[in-house]
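Q: This is my_file-v7.cif, which holds mmCIF, C-alpha atoms:
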data_protein
#
loop_
_atom_site.label_atom_id
_atom_site.label_comp_id
_atom_site.auth_asym_id
_atom_site.auth_seq_id
_atom_site.Cartn_x
_atom_site.Cartn_y
_atom_site.Cartn_z
CA MET A 1 6.63 -21.73 -41.01
CA LEU A 2 4.84 -18.70 -42.46
CA ASN A 3 1.49 -20.30 -41.67
CA SER A 4 2.35 -20.90 -38.02
CA ILE A 5 3.47 -17.26 -37.67
CA LYS A 6 0.17 -16.16 -39.21
CA ILE A 7 -1.78 -18.40 -36.82
CA THR A 8 0.19 -17.13 -33.81
CA LEU A 9 -0.36 -13.51 -34.86
CA PHE A 10 -4.06 -14.20 -35.38
CA CYS A 11 -4.33 -15.80 -31.91
CA ILE A 12 -2.56 -12.80 -30.29
CA PHE A 13 -4.90 -10.43 -32.15
CA ALA A 14 -8.00 -12.45 -31.19
CA LEU A 15 -6.95 -12.61 -27.52
CA SER A 16 -6.28 -8.86 -27.46
CA LEU A 17 -9.93 -8.32 -28.42
CA SER A 18 -11.07 -9.96 -25.20
CA ALA A 19 -13.58 -7.78 -23.35
CA CYS A 20 -12.78 -9.10 -19.89
CA SER A 21 -11.74 -6.53 -17.34
CA HIS A 22 -10.94 -6.57 -13.67
CA VAL A 23 -13.66 -4.92 -11.55
CA GLN A 24 -12.10 -2.87 -8.78
CA PRO A 25 -13.64 -3.20 -5.28
CA TRP A 26 -15.02 0.36 -5.45
CA GLU A 27 -16.72 -0.40 -8.79
CA LYS A 28 -18.61 -3.46 -7.55
CA GLY A 29 -21.71 -1.37 -6.87
CA ASN A 30 -22.26 -1.46 -10.63
CA LEU A 31 -22.71 -5.25 -10.45
CA ALA A 32 -25.57 -4.77 -7.96
CA LYS A 33 -27.51 -2.49 -10.30
CA LYS A 34 -30.87 -3.62 -11.66
CA GLU A 35 -29.69 -3.53 -15.27
CA MET A 36 -26.91 -6.01 -14.42
CA ALA A 37 -29.37 -8.72 -13.31
CA TRP A 38 -29.43 -11.94 -15.34
CA GLU A 39 -33.22 -11.72 -15.43
CA PRO A 40 -34.53 -8.31 -16.49
CA ASP A 41 -38.02 -9.00 -15.10
CA ALA A 42 -37.96 -10.34 -11.54
CA MET A 43 -41.69 -11.18 -11.54
CA GLN A 44 -41.40 -13.17 -14.79
CA ALA A 45 -38.36 -15.00 -13.42
CA THR A 46 -40.30 -16.00 -10.29
CA VAL A 47 -43.23 -17.30 -12.37
CA ASP A 48 -40.84 -19.25 -14.63
CA ALA A 49 -39.09 -20.73 -11.60
CA GLN A 50 -42.46 -21.78 -10.15
CA ALA A 51 -43.45 -23.46 -13.45
CA TYR A 52 -40.04 -25.15 -13.69
CA ALA A 53 -40.24 -26.41 -10.10
CA SER A 54 -43.70 -27.94 -10.63
CA LYS A 55 -42.73 -29.58 -13.97
CA GLU A 56 -39.33 -30.90 -12.89
CA SER A 57 -40.00 -31.52 -9.18
CA SER A 58 -36.80 -29.69 -8.39
CA ARG A 59 -35.74 -26.14 -7.83
CA GLY A 60 -32.66 -24.01 -7.40
CA GLY A 61 -29.37 -24.07 -9.26
CA TYR A 62 -30.16 -21.00 -11.31
CA GLY A 63 -28.59 -17.60 -10.97
CA SER A 64 -25.10 -16.90 -9.71
CA ALA A 65 -23.30 -14.99 -7.05
CA GLY A 66 -22.42 -11.45 -8.00
CA GLY A 67 -21.42 -8.11 -6.62
CA GLY A 68 -20.28 -8.16 -3.04
CA CYS A 69 -17.91 -5.72 -1.51
CA GLY A 70 -14.85 -7.95 -1.39
CA CYS A 71 -14.67 -7.60 2.38
CA ASN A 72 -14.36 -10.15 5.17
CA MET B 1 32.00 -3.68 -16.42
CA ARG B 2 32.46 -4.92 -12.84
CA ASN B 3 33.00 -1.27 -11.77
CA LEU B 4 29.61 -0.35 -13.24
CA LEU B 5 27.72 -3.20 -11.61
CA LYS B 6 28.09 -1.91 -8.05
CA PRO B 7 26.68 1.63 -8.68
CA ILE B 8 23.80 0.13 -10.70
CA CYS B 9 22.93 -2.25 -7.84
CA ILE B 10 23.08 0.60 -5.28
CA ALA B 11 20.93 2.86 -7.52
CA PHE B 12 18.40 0.08 -8.00
CA PHE B 13 18.21 -0.55 -4.24
CA VAL B 14 17.83 3.17 -3.43
CA LEU B 15 15.13 3.66 -6.08
CA SER B 16 13.16 0.60 -4.95
CA THR B 17 13.28 1.85 -1.33
CA ALA B 18 12.09 5.30 -2.42
CA PHE B 19 9.15 3.75 -4.26
CA THR B 20 8.10 1.72 -1.21
CA VAL B 21 8.19 4.78 1.06
CA ASN B 22 6.23 6.81 -1.49
CA ALA B 23 3.53 4.11 -1.69
CA GLU B 24 2.94 4.36 2.06
CA THR B 25 2.90 8.15 2.22
CA VAL B 26 -0.31 9.96 1.39
CA GLU B 27 0.16 12.60 -1.26
CA ASP B 28 -1.62 15.96 -1.25
CA MET B 29 -4.83 14.96 -3.02
CA PRO B 30 -7.99 17.09 -3.09
CA LEU B 31 -11.04 15.99 -1.09
CA THR B 32 -14.51 16.92 -2.36
CA GLY B 33 -16.95 17.49 0.48
CA LEU B 34 -20.41 15.88 0.63
CA VAL B 35 -23.49 17.51 2.21
CA ASP B 36 -22.15 19.82 4.98
CA THR B 37 -18.46 18.94 4.62
CA GLN B 38 -16.26 21.59 3.00
CA ASP B 39 -13.73 20.78 0.26
CA THR B 40 -10.19 20.34 1.51
CA SER B 41 -7.08 18.25 0.76
CA PHE B 42 -4.83 15.75 2.48
CA GLY B 43 -2.12 18.43 2.55
CA GLN B 44 -4.33 20.76 4.58
CA LEU B 45 -5.15 17.96 7.02
CA LYS B 46 -1.48 17.17 7.70
CA GLY B 47 -0.50 17.57 11.34
CA GLN B 48 -3.33 15.50 12.73
CA TRP B 49 -4.08 11.79 12.96
CA LEU B 50 -6.52 10.75 10.25
CA TYR B 51 -8.78 7.73 10.25
CA VAL B 52 -9.74 7.42 6.58
CA ASP B 53 -12.60 5.10 5.67
CA PHE B 54 -13.69 4.19 2.13
CA TRP B 55 -17.39 3.29 1.97
CA ALA B 56 -20.28 2.93 -0.46
CA SER B 57 -24.06 3.04 -0.06
CA TRP B 58 -24.38 -0.48 -1.56
CA CYS B 59 -21.95 -1.99 0.96
CA ILE B 60 -23.65 -3.54 4.01
CA PRO B 61 -20.60 -3.74 6.34
CA CYS B 62 -19.96 -0.04 5.56
CA LYS B 63 -23.34 0.79 7.07
CA LYS B 64 -22.38 -1.11 10.23
CA SER B 65 -19.19 0.92 10.55
CA PHE B 66 -20.96 4.32 10.71
CA PRO B 67 -22.00 4.18 14.41
CA PHE B 68 -18.44 3.06 15.21
CA MET B 69 -16.94 6.00 13.31
CA ASN B 70 -19.27 8.41 15.14
CA GLU B 71 -18.07 6.97 18.44
CA LEU B 72 -14.45 7.10 17.30
CA GLN B 73 -14.72 10.77 16.32
CA ASN B 74 -16.41 11.70 19.61
CA VAL B 75 -14.00 9.72 21.82
CA PHE B 76 -10.82 10.94 20.12
CA LYS B 77 -12.01 14.47 19.26
CA ASP B 78 -9.63 16.09 21.78
CA LYS B 79 -6.68 13.87 20.85
CA ASN B 80 -5.95 15.36 17.42
CA VAL B 81 -7.75 12.50 15.61
CA ARG B 82 -10.08 13.26 12.71
CA VAL B 83 -12.32 10.66 11.13
CA ILE B 84 -12.95 11.15 7.42
CA ALA B 85 -15.18 8.91 5.33
CA ILE B 86 -14.83 8.83 1.55
CA SER B 87 -17.79 7.61 -0.51
CA VAL B 88 -16.97 5.76 -3.72
CA ASP B 89 -20.58 5.83 -4.95
CA ASP B 90 -20.69 6.73 -8.63
CA THR B 91 -23.48 9.25 -8.04
CA GLU B 92 -23.71 11.93 -5.38
CA ALA B 93 -27.46 11.23 -5.02
CA ALA B 94 -26.82 7.64 -3.83
CA ALA B 95 -24.35 8.81 -1.18
CA VAL B 96 -26.60 11.69 -0.03
CA LYS B 97 -29.59 9.34 0.26
CA PHE B 98 -27.51 6.99 2.42
CA LEU B 99 -26.33 9.88 4.61
CA LYS B 100 -29.92 11.01 5.11
CA TYR B 101 -30.59 7.82 7.08
CA ASN B 102 -27.16 7.41 8.69
CA LYS B 103 -25.97 10.02 11.18
CA THR B 104 -22.42 11.32 10.73
CA ASP B 105 -20.40 13.21 13.35
CA PHE B 106 -17.39 13.19 11.02
CA TRP B 107 -16.39 14.66 7.66
CA VAL B 108 -17.66 12.93 4.52
CA PHE B 109 -16.11 13.25 1.07
CA HIS B 110 -16.98 11.96 -2.38
CA ASP B 111 -14.73 10.07 -4.80
CA PRO B 112 -17.06 9.13 -7.70
CA LYS B 113 -14.28 8.17 -10.15
CA GLY B 114 -12.37 6.11 -7.58
CA LYS B 115 -9.23 8.27 -7.93
CA LEU B 116 -8.51 8.29 -4.19
CA ALA B 117 -9.51 4.62 -3.84
CA SER B 118 -7.10 3.81 -6.64
CA GLU B 119 -4.27 5.79 -5.00
CA PHE B 120 -4.88 3.97 -1.70
CA LYS B 121 -5.11 0.63 -3.57
CA VAL B 122 -8.35 -0.17 -1.71
CA PRO B 123 -8.60 -4.00 -1.59
CA GLY B 124 -12.29 -4.25 -0.54
CA MET B 125 -15.17 -2.29 0.92
CA PRO B 126 -15.01 -0.87 3.52
CA SER B 127 -11.29 -0.22 3.87
CA SER B 128 -9.82 2.01 6.52
CA TYR B 129 -6.41 3.57 7.00
CA LEU B 130 -4.78 5.27 9.97
CA ILE B 131 -2.51 8.10 8.86
CA ASN B 132 -0.08 9.78 11.25
CA PRO B 133 0.46 13.59 11.41
CA GLU B 134 3.41 13.21 8.99
CA GLY B 135 1.07 11.77 6.36
CA GLU B 136 2.28 8.16 6.60
CA ILE B 137 -0.09 5.20 6.58
CA VAL B 138 0.54 3.30 9.81
CA TYR B 139 -2.38 0.86 9.76
CA LYS B 140 -4.77 -0.66 7.22
CA HIS B 141 -7.97 -2.62 7.73
CA VAL B 142 -10.36 -4.30 5.29
CA GLY B 143 -14.01 -5.10 6.09
CA PHE B 144 -15.86 -4.28 9.27
CA THR B 145 -17.11 -6.44 12.15
CA GLU B 146 -17.46 -5.82 15.89
CA GLU B 147 -13.93 -7.19 16.39
CA SER B 148 -12.66 -4.70 13.80
CA GLY B 149 -13.86 -1.83 15.99
CA ASN B 150 -11.98 -3.11 19.05
CA GLU B 151 -8.85 -3.73 17.00
CA ILE B 152 -8.94 -0.25 15.47
CA ILE B 153 -9.42 1.43 18.87
CA ASN B 154 -6.48 -0.58 20.29
CA VAL B 155 -4.25 0.45 17.40
CA ILE B 156 -5.19 4.14 17.76
CA ASN B 157 -4.60 4.03 21.53
CA LYS B 158 -1.18 2.46 20.99
CA SER B 159 -0.28 4.89 18.20
CA LEU B 160 -1.19 8.12 20.01
#
Once more with this new file: its structure as structure tokens, please.
A:
Amino acid sequence: MLNSIKITLFCIFALSLSACSHVQPWEKGNLAKKEMAWEPDAMQATVDAQAYASKESSRGGYGSAGGGCGCN
Amino acid sequence: MRNLLKPICIAFFVLSTAFTVNAETVEDMPLTGLVDTQDTSFGQLKGQWLYVDFWASWCIPCKKSFPFMNELQNVFKDKNVRVIAISVDDTEAAAVKFLKYNKTDFWVFHDPKGKLASEFKVPGMPSSYLINPEGEIVYKHVGFTEESGNEIINVINKSL
């Protein structure tokens, strides 16, 4: 019984440490900033993608949607 | 116990109604002017129809709405309608740079911390609100397309 309480308390504590936060629509400009890009060097990323495409005979599927103004 | 239940229910109903009304009424919040616009507040602007638009320099549909807002201000200038645009850019420089390339015939304010946007519970960018002379929000709109412009003009015409 004491163990399950300890585990529950530990889980609550661990979950409370979560760093996720809701980005408000007026804060989404931060997601479009250069420092928020997955790839810090756009030129290097393009070269890597080119090498990947020629080795694997396929391209795309990298990156993700981000930012946006939450409209329409 | 049964005697107490009725007053509690009435109090709860009255308080919940008061909260709803308060949420739709614009409080007297300060407005910080950008570029040529002077500082003012919503309290000082009471008595006229306000078209309030929240925009940001990084928001593409916001850019599209600027010519429309110029037209709106010019068409309804003599009908006690004032267009005010509130930038939510985190830096003044970003907003000023945007304004350098986008003409404005209306007042522009700055809300870098999102305090006003938070009060208005802005659901997306751009968001616009029509506020009557009593300070009550009578219309809300999110996003901007050509159809939005026609819809907004229709609502203003009907409201005036």
Q: So what do you get for CA of Ile156 (chain B) versus CA of Phe109 (chain B), distance-wise?
A: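 Rounded to one decimal, the two atoms are 21.9 Å apart.
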Q: Using only C-alpha atoms, find the one residue out of B:Ala56, B:Arg82, B:Thr25, B:Glu147 that sits nearest to chain A.
A: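 For chain A, the nearest of the candidates is B:Ala56.
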Q: Could I get the residues of chain B with an atom no further than 12 Å from an atom of chain A, each paired with its nearest atom pair and that distance in Å to one decimal, using all atoms listed in the file, sorted by chain and residue number, as a Markdown table?
A:
| residue | atom | partner | partner_atom | distance |
| --- | --- | --- | --- | --- |
| B:Phe54 | CA | A:Trp26 | CA | 8.6 |
| B:Trp55 | CA | A:Trp26 | CA | 8.3 |
| B:Ala56 | CA | A:Trp26 | CA | 7.7 |
| B:Ser57 | CA | A:Gly29 | CA | 8.4 |
| B:Trp58 | CA | A:Gly29 | CA | 6.0 |
| B:Cys59 | CA | A:Cys69 | CA | 6.0 |
| B:Ile60 | CA | A:Cys69 | CA | 8.3 |
| B:Pro61 | CA | A:Cys71 | CA | 8.1 |
| B:Cys62 | CA | A:Cys69 | CA | 9.3 |
| B:Ile86 | CA | A:Trp26 | CA | 11.0 |
| B:Ser87 | CA | A:Trp26 | CA | 9.2 |
| B:Val88 | CA | A:Trp26 | CA | 6.0 |
| B:Asp89 | CA | A:Gly29 | CA | 7.5 |
| B:Asp90 | CA | A:Glu27 | CA | 8.2 |
| B:Thr91 | CA | A:Gly29 | CA | 10.8 |
| B:Ala94 | CA | A:Gly29 | CA | 10.8 |
| B:Ala95 | CA | A:Gly29 | CA | 12.0 |
| B:Asp111 | CA | A:Trp26 | CA | 9.7 |
| B:Pro112 | CA | A:Trp26 | CA | 9.3 |
| B:Lys113 | CA | A:Glu27 | CA | 9.0 |
| B:Gly114 | CA | A:Trp26 | CA | 6.7 |
| B:Lys115 | CA | A:Trp26 | CA | 10.1 |
| B:Leu116 | CA | A:Trp26 | CA | 10.3 |
| B:Ala117 | CA | A:Trp26 | CA | 7.1 |
| B:Ser118 | CA | A:Gln24 | CA | 8.6 |
| B:Phe120 | CA | A:Trp26 | CA | 11.4 |
| B:Lys121 | CA | A:Gln24 | CA | 9.4 |
| B:Val122 | CA | A:Pro25 | CA | 7.1 |
| B:Pro123 | CA | A:Pro25 | CA | 6.3 |
| B:Gly124 | CA | A:Gly70 | CA | 4.6 |
| B:Met125 | CA | A:Cys69 | CA | 5.0 |
| B:Pro126 | CA | A:Cys71 | CA | 6.8 |
| B:Ser127 | CA | A:Cys71 | CA | 8.3 |
| B:Ser128 | CA | A:Cys71 | CA | 11.5 |
| B:His141 | CA | A:Cys71 | CA | 9.9 |
| B:Val142 | CA | A:Cys71 | CA | 6.2 |
| B:Gly143 | CA | A:Cys71 | CA | 4.5 |
| B:Phe144 | CA | A:Asn72 | CA | 7.3 |
| B:Thr145 | CA | A:Asn72 | CA | 8.4 |
| B:Glu146 | CA | A:Asn72 | CA | 12.0 |
| B:Glu147 | CA | A:Asn72 | CA | 11.6 |
| B:Ser148 | CA | A:Asn72 | CA | 10.3 |
Q: Would you mind reading off the distance between CA of Asp53 (chain B) and CA of Val108 (chain B), one decimal, in Å?
A: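 Value for the CA of Asp53 (chain B)-CA of Val108 (chain B) distance: 9.4 Å.
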Q: CA of Asp28 (chain B) and CA of Asn102 (chain B), how far apart in Å?
A: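 For CA of Asn102 (chain B) relative to CA of Asp28 (chain B), the distance reads 28.7 Å.
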Q: Go through B:Ala85, B:Ser159, B:Val75, B:Ala93 and flag the residue nearest Ile137 (chain B), using only C-alpha atoms for the distances.
A: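 Nearest candidate to Ile137 (chain B) out of B:Ala85, B:Ser159, B:Val75, B:Ala93: B:Ser159.
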Q: So that all listed atoms of region 48-59 of chain A fit with 3 Å spare on each side, what axis-aligned box centre and edge lengths in Å, to one decimal, would you give as JSON?
A:
{"center_x": -39.7, "center_y": -25.4, "center_z": -11.2, "size_x": 14.0, "size_y": 18.3, "size_z": 12.8}
Q: On this structure, which residues satisfy the PyMOL selection byres ((chain B and resi 153) around 12), written as JSON, numbers by chain?
A: {"B": [51, 68, 69, 71, 72, 73, 75, 76, 81, 130, 139, 141, 146, 147, 148, 149, 150, 151, 152, 154, 155, 156, 157, 158, 159, 160]}
Q: Which residue is closest to Lys97 (chain B)? Choose from B:Leu50, B:Ser41, B:Pro67, B:Leu34 and count all atoms listed in the file.
A: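 Closest residue, counting all atoms listed in the file: B:Leu34.
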Q: For region 20-46 of chain A, where the input has fewer atoms than it should, I would like N, CA and C atoms rebuilt and written as a PDB file, keeping the file's coordinate frame.
A:
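Final output, saved to out07.pdb:
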ATOM      1  N   CYS A  20     -12.818  -8.909 -21.339  1.00  0.00           N
ATOM      2  CA  CYS A  20     -12.780  -9.100 -19.890  1.00  0.00           C
ATOM      3  C   CYS A  20     -12.021  -7.968 -19.223  1.00  0.00           C
ATOM      4  N   SER A  21     -12.488  -7.541 -18.085  1.00  0.00           N
ATOM      5  CA  SER A  21     -11.740  -6.530 -17.340  1.00  0.00           C
ATOM      6  C   SER A  21     -11.913  -6.783 -15.851  1.00  0.00           C
ATOM      7  N   HIS A  22     -10.923  -6.362 -15.109  1.00  0.00           N
ATOM      8  CA  HIS A  22     -10.940  -6.570 -13.670  1.00  0.00           C
ATOM      9  C   HIS A  22     -11.795  -5.482 -13.012  1.00  0.00           C
ATOM     10  N   VAL A  23     -12.805  -5.901 -12.239  1.00  0.00           N
ATOM     11  CA  VAL A  23     -13.660  -4.920 -11.550  1.00  0.00           C
ATOM     12  C   VAL A  23     -13.016  -4.583 -10.215  1.00  0.00           C
ATOM     13  N   GLN A  24     -12.718  -3.320 -10.031  1.00  0.00           N
ATOM     14  CA  GLN A  24     -12.100  -2.870  -8.780  1.00  0.00           C
ATOM     15  C   GLN A  24     -13.130  -2.935  -7.644  1.00  0.00           C
ATOM     16  N   PRO A  25     -12.681  -3.089  -6.399  1.00  0.00           N
ATOM     17  CA  PRO A  25     -13.640  -3.200  -5.280  1.00  0.00           C
ATOM     18  C   PRO A  25     -14.623  -2.022  -5.215  1.00  0.00           C
ATOM     19  N   TRP A  26     -14.149  -0.808  -5.546  1.00  0.00           N
ATOM     20  CA  TRP A  26     -15.020   0.360  -5.450  1.00  0.00           C
ATOM     21  C   TRP A  26     -15.978   0.470  -6.645  1.00  0.00           C
ATOM     22  N   GLU A  27     -15.816  -0.416  -7.635  1.00  0.00           N
ATOM     23  CA  GLU A  27     -16.720  -0.400  -8.790  1.00  0.00           C
ATOM     24  C   GLU A  27     -17.784  -1.495  -8.696  1.00  0.00           C
ATOM     25  N   LYS A  28     -17.716  -2.299  -7.637  1.00  0.00           N
ATOM     26  CA  LYS A  28     -18.610  -3.460  -7.550  1.00  0.00           C
ATOM     27  C   LYS A  28     -20.075  -3.090  -7.351  1.00  0.00           C
ATOM     28  N   GLY A  29     -20.327  -1.832  -6.983  1.00  0.00           N
ATOM     29  CA  GLY A  29     -21.710  -1.370  -6.870  1.00  0.00           C
ATOM     30  C   GLY A  29     -22.428  -1.481  -8.206  1.00  0.00           C
ATOM     31  N   ASN A  30     -21.659  -1.363  -9.294  1.00  0.00           N
ATOM     32  CA  ASN A  30     -22.260  -1.460 -10.630  1.00  0.00           C
ATOM     33  C   ASN A  30     -22.863  -2.850 -10.875  1.00  0.00           C
ATOM     34  N   LEU A  31     -22.231  -3.882 -10.270  1.00  0.00           N
ATOM     35  CA  LEU A  31     -22.710  -5.250 -10.450  1.00  0.00           C
ATOM     36  C   LEU A  31     -24.048  -5.473  -9.735  1.00  0.00           C
ATOM     37  N   ALA A  32     -24.331  -4.623  -8.741  1.00  0.00           N
ATOM     38  CA  ALA A  32     -25.570  -4.770  -7.960  1.00  0.00           C
ATOM     39  C   ALA A  32     -26.727  -3.997  -8.596  1.00  0.00           C
ATOM     40  N   LYS A  33     -26.445  -3.282  -9.680  1.00  0.00           N
ATOM     41  CA  LYS A  33     -27.510  -2.490 -10.300  1.00  0.00           C
ATOM     42  C   LYS A  33     -28.526  -3.377 -11.009  1.00  0.00           C
ATOM     43  N   LYS A  34     -29.754  -2.858 -11.093  1.00  0.00           N
ATOM     44  CA  LYS A  34     -30.870  -3.620 -11.660  1.00  0.00           C
ATOM     45  C   LYS A  34     -30.567  -4.088 -13.091  1.00  0.00           C
ATOM     46  N   GLU A  35     -29.951  -3.201 -13.868  1.00  0.00           N
ATOM     47  CA  GLU A  35     -29.690  -3.530 -15.270  1.00  0.00           C
ATOM     48  C   GLU A  35     -28.623  -4.619 -15.438  1.00  0.00           C
ATOM     49  N   MET A  36     -27.919  -4.965 -14.351  1.00  0.00           N
ATOM     50  CA  MET A  36     -26.910  -6.010 -14.420  1.00  0.00           C
ATOM     51  C   MET A  36     -27.468  -7.390 -14.072  1.00  0.00           C
ATOM     52  N   ALA A  37     -28.761  -7.446 -13.701  1.00  0.00           N
ATOM     53  CA  ALA A  37     -29.370  -8.720 -13.310  1.00  0.00           C
ATOM     54  C   ALA A  37     -29.469  -9.658 -14.507  1.00  0.00           C
ATOM     55  N   TRP A  38     -29.303 -10.957 -14.259  1.00  0.00           N
ATOM     56  CA  TRP A  38     -29.430 -11.940 -15.340  1.00  0.00           C
ATOM     57  C   TRP A  38     -30.838 -11.897 -15.921  1.00  0.00           C
ATOM     58  N   GLU A  39     -31.823 -11.764 -15.014  1.00  0.00           N
ATOM     59  CA  GLU A  39     -33.220 -11.720 -15.430  1.00  0.00           C
ATOM     60  C   GLU A  39     -33.709 -10.273 -15.387  1.00  0.00           C
ATOM     61  N   PRO A  40     -34.094  -9.701 -16.512  1.00  0.00           N
ATOM     62  CA  PRO A  40     -34.530  -8.310 -16.490  1.00  0.00           C
ATOM     63  C   PRO A  40     -35.853  -8.093 -15.757  1.00  0.00           C
ATOM     64  N   ASP A  41     -36.719  -9.134 -15.752  1.00  0.00           N
ATOM     65  CA  ASP A  41     -38.020  -9.000 -15.100  1.00  0.00           C
ATOM     66  C   ASP A  41     -38.092  -9.999 -13.934  1.00  0.00           C
ATOM     67  N   ALA A  42     -38.010  -9.483 -12.723  1.00  0.00           N
ATOM     68  CA  ALA A  42     -37.960 -10.340 -11.540  1.00  0.00           C
ATOM     69  C   ALA A  42     -39.253 -11.146 -11.375  1.00  0.00           C
ATOM     70  N   MET A  43     -40.388 -10.507 -11.670  1.00  0.00           N
ATOM     71  CA  MET A  43     -41.690 -11.180 -11.540  1.00  0.00           C
ATOM     72  C   MET A  43     -41.784 -12.366 -12.505  1.00  0.00           C
ATOM     73  N   GLN A  44     -41.375 -12.117 -13.764  1.00  0.00           N
ATOM     74  CA  GLN A  44     -41.400 -13.170 -14.790  1.00  0.00           C
ATOM     75  C   GLN A  44     -40.478 -14.320 -14.391  1.00  0.00           C
ATOM     76  N   ALA A  45     -39.326 -13.973 -13.832  1.00  0.00           N
ATOM     77  CA  ALA A  45     -38.360 -15.000 -13.420  1.00  0.00           C
ATOM     78  C   ALA A  45     -38.943 -15.864 -12.315  1.00  0.00           C
ATOM     79  N   THR A  46     -39.685 -15.250 -11.390  1.00  0.00           N
ATOM     80  CA  THR A  46     -40.300 -16.000 -10.290  1.00  0.00           C
ATOM     81  C   THR A  46     -41.372 -16.954 -10.835  1.00  0.00           C
TER      82      THR A  46
END
